[in-house]
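Student: Sending over upload21.csv (CSV, C-alpha atoms).
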chain,number,residue,atom,x,y,z
I,151,MET,CA,18.1,1.6,-14.2
I,152,ILE,CA,18.2,3.7,-11.1
I,153,VAL,CA,15.1,2.8,-8.9
I,154,ALA,CA,13.5,5.2,-6.6
I,155,GLU,CA,10.3,5.8,-4.6
I,156,ARG,CA,8.4,8.8,-3.5
I,157,LYS,CA,9.3,10.2,-0.1
I,158,PRO,CA,6.5,10.3,2.5
I,159,MET,CA,4.2,13.2,1.9
I,160,ALA,CA,4.7,14.7,5.3
I,161,GLU,CA,8.4,15.1,4.5
I,162,ILE,CA,7.7,16.7,1.2
I,163,ILE,CA,5.0,19.1,2.6
I,164,GLU,CA,7.5,20.2,5.2
I,165,MET,CA,10.1,21.0,2.5
I,166,VAL,CA,7.8,23.2,0.5
I,167,ASN,CA,6.2,25.0,3.5
I,168,GLY,CA,7.0,28.6,3.1
I,169,CYS,CA,7.0,28.4,-0.7
I,170,SER,CA,4.2,30.0,-2.6
I,171,ARG,CA,5.2,28.8,-6.1
I,172,ILE,CA,7.1,25.6,-6.9
I,173,LEU,CA,8.2,23.8,-10.0
I,174,VAL,CA,7.5,20.0,-9.8
I,175,LEU,CA,10.1,18.8,-12.2
I,176,ALA,CA,9.8,15.3,-13.6
I,177,CYS,CA,12.6,13.3,-15.2
I,178,ARG,CA,11.9,11.2,-18.3
I,179,GLY,CA,14.9,8.9,-17.6
I,180,CYS,CA,15.1,5.9,-15.2
I,181,VAL,CA,12.5,7.2,-12.7
I,182,THR,CA,9.9,7.3,-15.5
I,183,VAL,CA,10.6,3.6,-16.3
I,184,CYS,CA,10.3,2.7,-12.6
I,185,SER,CA,7.2,4.8,-12.2
I,186,ALA,CA,8.6,6.9,-9.4
I,187,GLY,CA,9.3,10.3,-11.0
I,188,GLY,CA,8.0,10.5,-14.5
I,189,GLU,CA,5.4,13.0,-15.7
I,190,ARG,CA,2.5,10.9,-14.4
I,191,GLU,CA,4.0,10.6,-11.0
I,192,ALA,CA,4.9,14.3,-10.9
I,193,ALA,CA,1.3,15.1,-11.7
I,194,VAL,CA,0.2,12.9,-8.8
I,195,LEU,CA,2.7,14.6,-6.5
I,196,ALA,CA,1.6,18.0,-7.6
I,197,SER,CA,-2.0,17.1,-6.7
I,198,LEU,CA,-1.0,15.7,-3.4
I,199,ILE,CA,1.1,18.8,-2.5
I,200,ARG,CA,-1.9,21.1,-3.4
I,201,LEU,CA,-4.2,19.0,-1.2
I,202,GLY,CA,-1.6,18.8,1.6
I,203,MET,CA,-1.3,22.6,1.6
I,204,LYS,CA,-5.0,23.1,1.4
I,205,LYS,CA,-5.4,20.9,4.4
I,206,GLN,CA,-3.1,23.4,6.2
I,207,GLY,CA,-5.3,26.3,5.0
I,208,LYS,CA,-2.6,27.4,2.5
I,209,THR,CA,-2.5,27.7,-1.2
I,210,ILE,CA,0.5,26.9,-3.5
I,211,GLU,CA,1.0,27.6,-7.1
I,212,ILE,CA,2.5,24.6,-8.9
I,213,ILE,CA,4.1,24.5,-12.4
I,214,GLU,CA,4.6,21.0,-13.7
I,215,GLY,CA,7.5,20.5,-16.0
I,216,SER,CA,9.8,17.7,-17.1
I,217,LEU,CA,13.3,17.2,-18.6
I,218,VAL,CA,14.6,14.5,-20.8
I,219,ARG,CA,17.1,13.7,-18.1
I,220,GLN,CA,18.2,15.6,-15.0
I,221,CYS,CA,21.7,14.1,-15.1
I,222,ASP,CA,23.1,16.0,-18.1
I,223,LYS,CA,24.2,19.7,-18.1
I,224,GLU,CA,22.6,20.2,-21.6
I,225,TYR,CA,19.2,19.2,-20.3
I,226,ILE,CA,19.4,21.1,-17.1
I,227,ASP,CA,19.6,24.3,-19.2
I,228,ALA,CA,16.0,23.7,-20.2
I,229,ILE,CA,15.0,24.7,-16.6
I,230,ASP,CA,15.4,28.3,-17.7
I,231,GLU,CA,12.1,28.0,-19.5
I,232,TRP,CA,10.5,28.5,-16.0
I,233,LYS,CA,13.0,31.0,-14.7
I,234,GLY,CA,11.5,33.4,-12.2
I,235,GLN,CA,8.3,31.5,-11.9
I,236,TYR,CA,9.0,29.5,-8.8
I,237,ASP,CA,10.5,29.7,-5.3
I,238,ALA,CA,11.9,26.2,-5.4
I,239,ILE,CA,12.1,23.1,-7.5
I,240,VAL,CA,10.8,19.8,-6.3
I,241,SER,CA,12.6,17.3,-8.4
I,242,THR,CA,11.2,13.8,-9.0
I,243,ALA,CA,14.6,12.7,-10.4
I,244,CYS,CA,16.9,10.4,-8.6
I,245,GLY,CA,19.5,12.0,-6.3
I,246,VAL,CA,21.8,12.5,-9.3
I,247,GLY,CA,19.3,14.9,-10.8
I,248,VAL,CA,18.9,16.9,-7.6
I,249,ASN,CA,22.6,17.2,-7.3
I,250,PHE,CA,23.0,18.3,-10.9
I,251,ILE,CA,20.4,21.1,-10.4
I,252,ALA,CA,22.2,22.2,-7.3
I,253,ASN,CA,25.6,22.1,-9.0
I,254,LEU,CA,24.5,24.1,-12.0
I,255,ARG,CA,22.0,26.5,-10.6
I,256,LYS,CA,23.7,28.1,-7.6
I,257,ASP,CA,20.8,30.4,-6.7
I,258,THR,CA,18.0,27.8,-7.0
I,259,LEU,CA,16.5,26.0,-4.1
I,260,VAL,CA,15.9,22.3,-5.0
I,261,PHE,CA,14.2,19.6,-3.0
I,262,PRO,CA,14.2,15.8,-3.6
I,263,ALA,CA,10.8,14.3,-3.9
I,264,LEU,CA,12.2,10.7,-4.1
I,265,ASN,CA,14.3,8.4,-2.1
I,266,THR,CA,16.8,6.9,-4.5
I,267,THR,CA,17.0,3.2,-3.6
I,268,PHE,CA,19.0,1.0,-5.9
I,269,PHE,CA,20.2,-0.1,-9.3
I,270,GLY,CA,17.7,-2.7,-10.5
I,271,GLY,CA,15.4,-4.0,-13.0
I,272,SER,CA,11.7,-4.8,-13.4
I,273,ALA,CA,11.1,-8.4,-12.2
I,274,GLU,CA,7.4,-8.1,-13.2
I,275,GLN,CA,5.0,-5.3,-13.7
I,276,GLY,CA,5.1,-3.1,-10.6
I,277,VAL,CA,8.0,-5.0,-9.0
I,278,TRP,CA,11.6,-3.9,-9.1
I,279,ILE,CA,14.6,-5.7,-7.7
I,280,GLU,CA,18.1,-4.7,-6.9
I,281,GLN,CA,20.7,-6.3,-9.2
I,282,CYS,CA,23.9,-4.2,-9.1
I,283,ALA,CA,25.6,-2.3,-6.3
I,284,GLY,CA,27.8,-0.1,-8.6
I,285,CYS,CA,30.8,-1.2,-6.6
I,286,GLY,CA,33.2,-0.4,-9.4
I,287,ASP,CA,35.0,-3.8,-9.7
I,288,CYS,CA,32.7,-6.3,-11.4
I,289,VAL,CA,33.0,-10.0,-10.6
I,290,LEU,CA,30.1,-11.2,-12.7
I,291,HIS,CA,32.4,-13.2,-15.0
I,292,LEU,CA,33.3,-15.3,-12.0
I,293,THR,CA,29.8,-15.8,-10.6
I,294,GLY,CA,27.7,-16.8,-13.6
I,295,GLY,CA,26.5,-13.3,-14.2
I,296,LEU,CA,24.8,-13.1,-10.8
I,297,CYS,CA,26.0,-10.4,-8.4
I,298,PRO,CA,27.0,-11.4,-4.9
I,299,VAL,CA,27.8,-7.8,-3.9
I,300,ALA,CA,24.3,-6.6,-4.5
I,301,ARG,CA,22.3,-9.7,-4.1
I,302,CYS,CA,23.9,-11.4,-1.1
I,303,ALA,CA,22.7,-9.9,2.2
I,304,LYS,CA,26.3,-10.0,3.4
I,305,SER,CA,27.9,-9.1,0.0
I,306,LEU,CA,30.1,-12.2,0.4
I,307,LEU,CA,32.6,-12.9,-2.3
I,308,ASN,CA,33.3,-16.4,-1.0
I,309,GLY,CA,29.8,-17.7,-0.4
I,310,PRO,CA,27.6,-19.2,0.5
I,311,CYS,CA,27.6,-18.5,4.3
I,312,GLY,CA,26.3,-21.1,6.7
I,313,GLY,CA,22.9,-19.5,6.9
I,314,SER,CA,21.7,-20.6,3.5
I,315,VAL,CA,18.7,-23.0,3.8
I,316,ASP,CA,16.9,-24.6,0.9
I,317,GLY,CA,18.2,-21.9,-1.4
I,318,ARG,CA,16.8,-19.1,0.8
I,319,CYS,CA,18.7,-16.4,2.6
I,320,GLU,CA,18.8,-16.5,6.4
I,321,ILE,CA,18.3,-12.7,6.6
I,322,ASN,CA,15.0,-12.9,4.7
I,323,LYS,CA,13.3,-16.1,3.6
I,324,ASP,CA,11.7,-14.3,0.6
I,325,THR,CA,15.2,-13.7,-0.8
I,326,GLU,CA,17.0,-16.3,-2.7
I,327,CYS,CA,20.5,-17.2,-1.6
I,328,ILE,CA,22.4,-15.8,-4.5
I,329,TRP,CA,25.3,-18.0,-3.8
I,330,GLN,CA,23.1,-21.1,-4.1
I,331,SER,CA,21.9,-19.7,-7.4
I,332,ILE,CA,25.5,-19.0,-8.5
I,333,HIS,CA,26.4,-22.6,-7.7
I,334,ASP,CA,23.4,-23.9,-9.6
I,335,ARG,CA,24.0,-21.7,-12.6
I,336,LEU,CA,27.7,-22.5,-12.8
I,337,SER,CA,26.8,-26.2,-12.6
I,338,VAL,CA,24.5,-25.9,-15.6
I,339,LEU,CA,27.2,-24.0,-17.4
I,340,GLY,CA,29.8,-26.7,-16.6
I,341,ARG,CA,31.8,-24.2,-14.6
I,342,ARG,CA,31.2,-25.4,-11.1
I,343,ALA,CA,34.9,-25.5,-10.4
I,344,GLN,CA,34.9,-21.8,-10.3
I,345,MET,CA,33.1,-22.1,-7.0
I,346,GLU,CA,36.3,-23.4,-5.4
I,347,ALA,CA,38.4,-20.4,-6.4
I,348,ILE,CA,39.0,-18.2,-3.4
I,349,ALA,CA,38.4,-14.6,-4.0
I,350,PRO,CA,41.1,-12.4,-2.5
I,351,ILE,CA,40.5,-9.7,0.0
I,352,ARG,CA,38.7,-6.9,-1.9
I,353,ASP,CA,39.8,-3.3,-2.3
I,354,TRP,CA,36.6,-1.5,-1.7
I,355,SER,CA,38.0,1.9,-2.6
I,356,THR,CA,36.2,1.5,-6.0
I,357,ALA,CA,32.9,1.2,-4.2
I,358,GLY,CA,32.8,4.7,-2.9
I,359,HIS,CA,34.9,4.1,0.2
I,360,GLY,CA,37.6,6.2,-1.4
I,361,GLY,CA,35.3,9.2,-1.7
I,362,PRO,CA,33.1,10.2,-4.7
I,363,ARG,CA,34.0,8.4,-7.8
I,364,LYS,CA,34.7,9.9,-11.2
I,365,THR,CA,35.1,8.5,-14.7
I,366,VAL,CA,37.1,10.4,-17.3
I,367,ARG,CA,37.2,9.2,-20.9
I,368,ASN,CA,39.8,11.4,-22.6
I,369,GLU,CA,38.8,10.3,-26.0
I,370,LEU,CA,35.4,11.8,-25.4
I,371,THR,CA,36.4,15.0,-23.7
I,372,ILE,CA,36.5,18.3,-25.6
J,147,MET,CA,-25.5,23.3,10.8
J,148,SER,CA,-26.5,20.7,8.3
J,149,PHE,CA,-23.9,19.3,6.0
J,150,GLU,CA,-24.8,18.3,2.4
J,151,PRO,CA,-21.8,16.3,1.2
J,152,LYS,CA,-20.4,16.5,-2.3
J,153,ILE,CA,-19.6,13.0,-3.5
J,154,THR,CA,-18.0,12.1,-6.9
J,155,LEU,CA,-18.7,8.7,-8.3
J,156,PHE,CA,-16.7,7.2,-11.2
J,157,SER,CA,-18.7,4.4,-12.6
J,158,CYS,CA,-18.0,2.2,-15.6
J,159,HIS,CA,-20.4,2.1,-18.4
J,160,TYR,CA,-21.4,-1.5,-17.5
J,161,ALA,CA,-22.0,-1.1,-13.8
J,162,SER,CA,-24.1,2.0,-14.4
J,163,GLN,CA,-25.7,0.8,-17.6
J,164,GLN,CA,-29.3,1.6,-16.7
J,165,SER,CA,-28.6,4.6,-14.5
J,166,CYS,CA,-29.2,7.1,-17.3
J,167,ALA,CA,-32.5,5.6,-18.2
J,168,GLU,CA,-35.2,8.2,-18.4
J,169,HIS,CA,-32.5,10.9,-17.7
J,170,GLY,CA,-31.7,9.3,-14.3
J,171,LYS,CA,-35.2,9.7,-13.0
J,172,GLU,CA,-35.5,6.0,-12.2
J,173,LEU,CA,-32.3,6.2,-10.2
J,174,GLN,CA,-33.7,9.1,-8.2
J,175,GLU,CA,-37.0,7.3,-7.6
J,176,LEU,CA,-35.0,4.3,-6.1
J,177,GLY,CA,-33.5,6.6,-3.5
J,178,PHE,CA,-30.0,7.2,-5.1
J,179,PRO,CA,-28.6,10.2,-3.1
J,180,ALA,CA,-28.7,13.6,-4.8
J,181,THR,CA,-25.4,14.4,-3.2
J,182,ILE,CA,-23.6,12.1,-5.7
J,183,THR,CA,-22.3,13.4,-9.1
J,184,MET,CA,-21.6,10.5,-11.4
J,185,VAL,CA,-18.8,10.5,-14.0
J,186,ARG,CA,-19.3,7.6,-16.4
J,187,VAL,CA,-16.2,6.1,-17.9
J,188,PRO,CA,-15.9,3.3,-20.5
J,189,CYS,CA,-13.9,1.3,-18.0
J,190,THR,CA,-12.8,2.1,-14.4
J,191,GLY,CA,-9.4,0.8,-15.5
J,192,LYS,CA,-9.1,4.1,-17.3
J,193,VAL,CA,-9.5,6.2,-14.1
J,194,GLN,CA,-6.1,7.4,-13.2
J,195,VAL,CA,-4.9,8.3,-9.7
J,196,THR,CA,-4.7,11.9,-10.9
J,197,ALA,CA,-8.5,11.9,-11.7
J,198,LEU,CA,-9.3,10.6,-8.3
J,199,LEU,CA,-7.2,13.3,-6.6
J,200,LYS,CA,-8.6,15.9,-8.9
J,201,ALA,CA,-12.0,15.1,-7.6
J,202,PHE,CA,-10.8,16.0,-4.1
J,203,GLU,CA,-9.1,19.1,-5.4
J,204,ASP,CA,-12.4,20.1,-7.0
J,205,GLY,CA,-14.0,20.0,-3.6
J,206,ALA,CA,-15.4,16.5,-3.2
J,207,ASP,CA,-15.9,15.4,0.4
J,208,GLY,CA,-15.9,11.8,-0.8
J,209,VAL,CA,-15.1,9.8,-3.9
J,210,TYR,CA,-16.0,6.3,-4.9
J,211,VAL,CA,-15.5,4.0,-7.9
J,212,VAL,CA,-18.0,1.4,-9.1
J,213,GLY,CA,-16.6,-1.1,-11.5
J,214,CYS,CA,-17.4,-4.6,-12.7
J,215,PRO,CA,-17.0,-7.7,-10.4
J,216,ALA,CA,-13.3,-8.4,-10.0
J,217,GLU,CA,-13.6,-11.8,-11.6
J,218,GLY,CA,-16.0,-10.6,-14.3
J,219,CYS,CA,-14.7,-7.3,-15.6
J,220,HIS,CA,-15.9,-6.6,-19.2
J,221,ASN,CA,-12.3,-5.5,-19.9
J,222,ILE,CA,-10.8,-8.4,-18.0
J,223,LYS,CA,-8.8,-6.5,-15.4
J,224,GLY,CA,-10.0,-2.9,-15.6
J,225,SER,CA,-11.9,-2.9,-12.3
J,226,VAL,CA,-9.0,-4.7,-10.5
J,227,ARG,CA,-6.7,-1.9,-11.7
J,228,ALA,CA,-9.1,0.7,-10.5
J,229,ALA,CA,-9.3,-1.0,-7.1
J,230,LYS,CA,-5.5,-0.9,-6.8
J,231,ARG,CA,-5.5,2.8,-7.6
J,232,VAL,CA,-8.2,3.4,-5.0
J,233,VAL,CA,-5.9,1.7,-2.5
J,234,ALA,CA,-3.0,3.9,-3.6
J,235,VAL,CA,-5.2,7.0,-3.0
J,236,LYS,CA,-6.3,5.7,0.4
J,237,LYS,CA,-2.6,5.4,1.4
J,238,ALA,CA,-1.9,8.9,0.1
J,239,LEU,CA,-4.8,10.4,2.0
J,240,GLU,CA,-3.5,8.7,5.2
J,241,GLU,CA,-0.1,10.2,4.5
J,242,LEU,CA,-1.8,13.6,4.4
J,243,GLY,CA,-3.6,12.8,7.7
J,244,VAL,CA,-7.0,12.4,6.1
J,245,GLU,CA,-9.5,9.5,6.6
J,246,ALA,CA,-8.9,6.8,4.0
J,247,GLY,CA,-12.6,6.0,4.1
J,248,ARG,CA,-13.2,9.1,2.0
J,249,ILE,CA,-12.6,7.0,-1.0
J,250,GLU,CA,-13.9,3.5,-1.7
J,251,MET,CA,-14.1,0.9,-4.5
J,252,TYR,CA,-17.2,-1.2,-5.2
J,253,HIS,CA,-17.4,-4.1,-7.6
J,254,LEU,CA,-20.9,-4.5,-8.8
J,255,PRO,CA,-22.7,-6.5,-11.5
J,256,ARG,CA,-23.9,-4.6,-14.6
J,257,GLY,CA,-27.3,-2.9,-14.8
J,258,LEU,CA,-29.4,-1.0,-12.4
J,259,HIS,CA,-30.0,-3.0,-9.3
J,260,PRO,CA,-30.4,-2.5,-5.5
J,261,GLU,CA,-26.7,-2.8,-4.8
J,262,PHE,CA,-25.8,0.1,-7.0
J,263,VAL,CA,-28.2,2.3,-5.1
J,264,ALA,CA,-27.1,0.8,-1.8
J,265,ALA,CA,-23.5,1.6,-2.5
J,266,GLY,CA,-24.5,5.3,-3.1
J,267,VAL,CA,-26.5,5.4,0.1
J,268,ALA,CA,-23.6,3.8,2.1
J,269,MET,CA,-21.2,6.4,0.7
J,270,ASP,CA,-23.6,9.3,1.4
J,271,LYS,CA,-24.0,8.0,5.0
J,272,LYS,CA,-20.3,7.5,5.5
J,273,ILE,CA,-19.3,10.9,4.2
J,274,ARG,CA,-22.0,12.6,6.3
J,275,ALA,CA,-20.4,11.0,9.3
J,276,LEU,CA,-16.9,12.0,8.3
J,277,GLY,CA,-18.0,15.6,7.7
J,278,PRO,CA,-16.7,18.1,5.2
J,279,THR,CA,-13.5,17.7,3.3
J,280,PRO,CA,-10.4,18.8,5.1
J,281,PHE,CA,-9.1,20.2,1.8
J,282,GLN,CA,-10.7,23.6,2.2
J,283,ILE,CA,-9.3,27.0,2.5
In structure tokens, what does this structure look like?

Tutor:
Amino acid sequence: MIVAERKPMAEIIEMVNGCSRILVLACRGCVTVCSAGGEREAAVLASLIRLGMKKQGKTIEIIEGSLVRQCDKEYIDAIDEWKGQYDAIVSTACGVGVNFIANLRKDTLVFPALNTTFFGGSAEQGVWIEQCAGCGDCVLHLTGGLCPVARCAKSLLNGPCGGSVDGRCEINKDTECIWQSIHDRLSVLGRRAQMEAIAPIRDWSTAGHGGPRKTVRNELTI
Amino acid sequence: MSFEPKITLFSCHYASQQSCAEHGKELQELGFPATITMVRVPCTGKVQVTALLKAFEDGADGVYVVGCPAEGCHNIKGSVRAAKRVVAVKKALEELGVEAGRIEMYHLPRGLHPEFVAAGVAMDKKIRALGPTPFQI
């Protein structure tokens, strides 16, 4: 899922300053699962905005709404339910959601309530960890299913580096050396020889270095 | 000008078990501050962040939660969850430039006992020192 976290309140309060009516718009997709921008978090945010404005001696009218997702045109259309009732939308979706609203509602002011952080999963309750960098050229079949692009601090494709100590990363001792883990896992799977294969120089254009990426599936287009 | 604080207490059924005895008269006689409005809940683990913030929105100068001892919650982890939510609200208050001490968590044994009253007295004293809520228009 896409993992995100709420922006500092000072930043959000500054965004909405000057607005008298806002729509705090939750997303029931990934950000609900990572407890950053679902209906519950949107309710907390609305309360904090009201308190923050009160502290400045101002009032603000807040409508709380939510969409199934904010990354599909069909769902964005549901925003029209609140048409004319707000000066700006504060979206608790990931950056994709904010972009979609901006793309599809030319005259609507939209602000991001979250910082979109990474593609990850829930390691345990309340803890999310990055697992994928969305680099567009997956090498997981060569690395025992563990991603060196997202999980190695240096994104090495021919690891480990010389800084790996006792299976920990030299950048942060709390982080496992993913190349050590790849080695250990390939050994268990009887595929350790794969470690000796030299990965060629990578073309990073698929990772966004060639500009915004786009996927077209002609069999699905209308 | 004298300031009479408005304090909201969320207390679990167990920690405040005897507080309703004789319609709260006994509590008053023991010196429990009249500035405190108690909201009894089945378990403090049920108290969401939104409920804590709503108390401030409704004009509370201070808020506190009284739940079971951390190691002896009737519902196993309810009071620990409540304590974490109180910490989350403390952080949010700080982000808004407001004293984190306006909200506190207490873990107390069940029944009416001096500690329950003492926690109320301590909150009353602290909020009087902090002054009126900054969330006023």

Student: Find the residues of chain I that sit at most 10 Å from chain J; for each, write down the nearest two atoms and how far apart they are in Å, to one decimal. Count all atoms listed in the file. Sort by chain, then by number going up, and give it as JSON lines.

Tutor:
{"residue": "I:Pro158", "atom": "CA", "partner": "J:Glu241", "partner_atom": "CA", "distance": 6.9}
{"residue": "I:Met159", "atom": "CA", "partner": "J:Glu241", "partner_atom": "CA", "distance": 5.9}
{"residue": "I:Ala160", "atom": "CA", "partner": "J:Glu241", "partner_atom": "CA", "distance": 6.6}
{"residue": "I:Glu161", "atom": "CA", "partner": "J:Glu241", "partner_atom": "CA", "distance": 9.8}
{"residue": "I:Ile163", "atom": "CA", "partner": "J:Leu242", "partner_atom": "CA", "distance": 8.9}
{"residue": "I:Arg190", "atom": "CA", "partner": "J:Thr196", "partner_atom": "CA", "distance": 8.1}
{"residue": "I:Glu191", "atom": "CA", "partner": "J:Thr196", "partner_atom": "CA", "distance": 8.8}
{"residue": "I:Ala192", "atom": "CA", "partner": "J:Thr196", "partner_atom": "CA", "distance": 9.9}
{"residue": "I:Ala193", "atom": "CA", "partner": "J:Thr196", "partner_atom": "CA", "distance": 6.8}
{"residue": "I:Val194", "atom": "CA", "partner": "J:Thr196", "partner_atom": "CA", "distance": 5.4}
{"residue": "I:Leu195", "atom": "CA", "partner": "J:Thr196", "partner_atom": "CA", "distance": 9.0}
{"residue": "I:Ala196", "atom": "CA", "partner": "J:Thr196", "partner_atom": "CA", "distance": 9.4}
{"residue": "I:Ser197", "atom": "CA", "partner": "J:Leu199", "partner_atom": "CA", "distance": 6.4}
{"residue": "I:Leu198", "atom": "CA", "partner": "J:Leu199", "partner_atom": "CA", "distance": 7.4}
{"residue": "I:Ile199", "atom": "CA", "partner": "J:Leu242", "partner_atom": "CA", "distance": 9.1}
{"residue": "I:Arg200", "atom": "CA", "partner": "J:Glu203", "partner_atom": "CA", "distance": 7.7}
{"residue": "I:Leu201", "atom": "CA", "partner": "J:Phe281", "partner_atom": "CA", "distance": 5.9}
{"residue": "I:Gly202", "atom": "CA", "partner": "J:Leu242", "partner_atom": "CA", "distance": 5.9}
{"residue": "I:Met203", "atom": "CA", "partner": "J:Phe281", "partner_atom": "CA", "distance": 8.2}
{"residue": "I:Lys204", "atom": "CA", "partner": "J:Phe281", "partner_atom": "CA", "distance": 5.0}
{"residue": "I:Lys205", "atom": "CA", "partner": "J:Phe281", "partner_atom": "CA", "distance": 4.6}
{"residue": "I:Gln206", "atom": "CA", "partner": "J:Ile283", "partner_atom": "CA", "distance": 8.1}
{"residue": "I:Gly207", "atom": "CA", "partner": "J:Ile283", "partner_atom": "CA", "distance": 4.8}
{"residue": "I:Lys208", "atom": "CA", "partner": "J:Ile283", "partner_atom": "CA", "distance": 6.7}
{"residue": "I:Thr209", "atom": "CA", "partner": "J:Ile283", "partner_atom": "CA", "distance": 7.8}

Student: Would you write out those residues with C-alpha atoms, as a PDB file, in the frame of the given file?

Tutor:
ATOM      1  CA  PRO I 158       6.500  10.300   2.500  1.00  0.00           C
ATOM      2  CA  MET I 159       4.200  13.200   1.900  1.00  0.00           C
ATOM      3  CA  ALA I 160       4.700  14.700   5.300  1.00  0.00           C
ATOM      4  CA  GLU I 161       8.400  15.100   4.500  1.00  0.00           C
ATOM      5  CA  ILE I 163       5.000  19.100   2.600  1.00  0.00           C
ATOM      6  CA  ARG I 190       2.500  10.900 -14.400  1.00  0.00           C
ATOM      7  CA  GLU I 191       4.000  10.600 -11.000  1.00  0.00           C
ATOM      8  CA  ALA I 192       4.900  14.300 -10.900  1.00  0.00           C
ATOM      9  CA  ALA I 193       1.300  15.100 -11.700  1.00  0.00           C
ATOM     10  CA  VAL I 194       0.200  12.900  -8.800  1.00  0.00           C
ATOM     11  CA  LEU I 195       2.700  14.600  -6.500  1.00  0.00           C
ATOM     12  CA  ALA I 196       1.600  18.000  -7.600  1.00  0.00           C
ATOM     13  CA  SER I 197      -2.000  17.100  -6.700  1.00  0.00           C
ATOM     14  CA  LEU I 198      -1.000  15.700  -3.400  1.00  0.00           C
ATOM     15  CA  ILE I 199       1.100  18.800  -2.500  1.00  0.00           C
ATOM     16  CA  ARG I 200      -1.900  21.100  -3.400  1.00  0.00           C
ATOM     17  CA  LEU I 201      -4.200  19.000  -1.200  1.00  0.00           C
ATOM     18  CA  GLY I 202      -1.600  18.800   1.600  1.00  0.00           C
ATOM     19  CA  MET I 203      -1.300  22.600   1.600  1.00  0.00           C
ATOM     20  CA  LYS I 204      -5.000  23.100   1.400  1.00  0.00           C
ATOM     21  CA  LYS I 205      -5.400  20.900   4.400  1.00  0.00           C
ATOM     22  CA  GLN I 206      -3.100  23.400   6.200  1.00  0.00           C
ATOM     23  CA  GLY I 207      -5.300  26.300   5.000  1.00  0.00           C
ATOM     24  CA  LYS I 208      -2.600  27.400   2.500  1.00  0.00           C
ATOM     25  CA  THR I 209      -2.500  27.700  -1.200  1.00  0.00           C
TER      26      THR I 209
END

Student: Need to verify the contact set: Ala343 (chain I), 12 Å, all atoms listed in the file, exclusion of same-chain residues closer than 5 positions in sequence. Can you return it as a PDB file with C-alpha atoms, in the frame of the given file?

Tutor:
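Written out: selection17.pdb:
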ATOM      1  CA  LEU I 292      33.300 -15.300 -12.000  1.00  0.00           C
ATOM      2  CA  THR I 293      29.800 -15.800 -10.600  1.00  0.00           C
ATOM      3  CA  GLY I 294      27.700 -16.800 -13.600  1.00  0.00           C
ATOM      4  CA  ILE I 332      25.500 -19.000  -8.500  1.00  0.00           C
ATOM      5  CA  HIS I 333      26.400 -22.600  -7.700  1.00  0.00           C
ATOM      6  CA  ASP I 334      23.400 -23.900  -9.600  1.00  0.00           C
ATOM      7  CA  ARG I 335      24.000 -21.700 -12.600  1.00  0.00           C
ATOM      8  CA  LEU I 336      27.700 -22.500 -12.800  1.00  0.00           C
ATOM      9  CA  SER I 337      26.800 -26.200 -12.600  1.00  0.00           C
ATOM     10  CA  VAL I 338      24.500 -25.900 -15.600  1.00  0.00           C
ATOM     11  CA  ILE I 348      39.000 -18.200  -3.400  1.00  0.00           C
TER      12      ILE I 348
END

Student: Counting only C-alpha atoms, what is within 9 Å of region 279-284 of chain I, bar same-chain residues fewer than 6 positions away, as a PyMOL selection string?

Tutor: chain I and resi 153+267-273+296-301+356-358

Student: Near Ile229 (chain I), within 9 Å and counting only C-alpha atoms, which residues show up once chain neighbours fewer than 5 positions away are dropped, as an NGL selection string?

Tutor: :I and (175 or 215-217 or 251)

Student: Using only C-alpha atoms, determine which residues lie at most 7 Å from region 308-317 of chain I, disregarding the query and same-chain residues fewer than 2 positions distant; provide the list as a VMD selection string.

Tutor: chain I and resid 306 319 to 320 326 to 327 329 to 330 348 to 349

Student: Would you list the contacts of region 152-163 of chain J as a PyMOL selection string, taking every protein, DNA or RNA residue within 10 Å and counting only C-alpha atoms, but skipping same-chain residues closer than 4 positions in sequence?

Tutor: chain J and resi 167+179-193+197-198+201-202+204-215+219-220+224-225+248-259+262+266+269-270+273-274+278-279

Student: CA of Ile239 (chain I) and CA of Lys223 (chain I) are how many Å apart?

Tutor: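 So the answer is 16.4 Å.
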
Student: Could region 256-262 of chain J be completed with N, CA and C atoms and returned as an mmCIF file, in the coordinates of the input?

Tutor:
data_model
loop_
_atom_site.group_PDB
_atom_site.id
_atom_site.type_symbol
_atom_site.label_atom_id
_atom_site.label_comp_id
_atom_site.auth_asym_id
_atom_site.auth_seq_id
_atom_site.Cartn_x
_atom_site.Cartn_y
_atom_site.Cartn_z
ATOM 1 N N ARG J 256 -23.382 -5.641 -13.667
ATOM 2 C CA ARG J 256 -23.900 -4.600 -14.600
ATOM 3 C C ARG J 256 -25.395 -4.416 -14.446
ATOM 4 N N GLY J 257 -25.849 -3.233 -14.825
ATOM 5 C CA GLY J 257 -27.300 -2.900 -14.800
ATOM 6 C C GLY J 257 -27.701 -2.208 -13.550
ATOM 7 N N LEU J 258 -28.917 -1.729 -13.572
ATOM 8 C CA LEU J 258 -29.400 -1.000 -12.400
ATOM 9 C C LEU J 258 -30.030 -2.040 -11.435
ATOM 10 N N HIS J 259 -29.561 -2.024 -10.216
ATOM 11 C CA HIS J 259 -30.000 -3.000 -9.300
ATOM 12 C C HIS J 259 -29.838 -2.445 -7.854
ATOM 13 N N PRO J 260 -30.414 -3.071 -6.875
ATOM 14 C CA PRO J 260 -30.400 -2.500 -5.500
ATOM 15 C C PRO J 260 -28.994 -2.196 -4.994
ATOM 16 N N GLU J 261 -28.023 -3.035 -5.364
ATOM 17 C CA GLU J 261 -26.700 -2.800 -4.800
ATOM 18 C C GLU J 261 -26.064 -1.500 -5.297
ATOM 19 N N PHE J 262 -26.376 -1.110 -6.516
ATOM 20 C CA PHE J 262 -25.800 0.100 -7.000
ATOM 21 C C PHE J 262 -26.340 1.323 -6.215
#
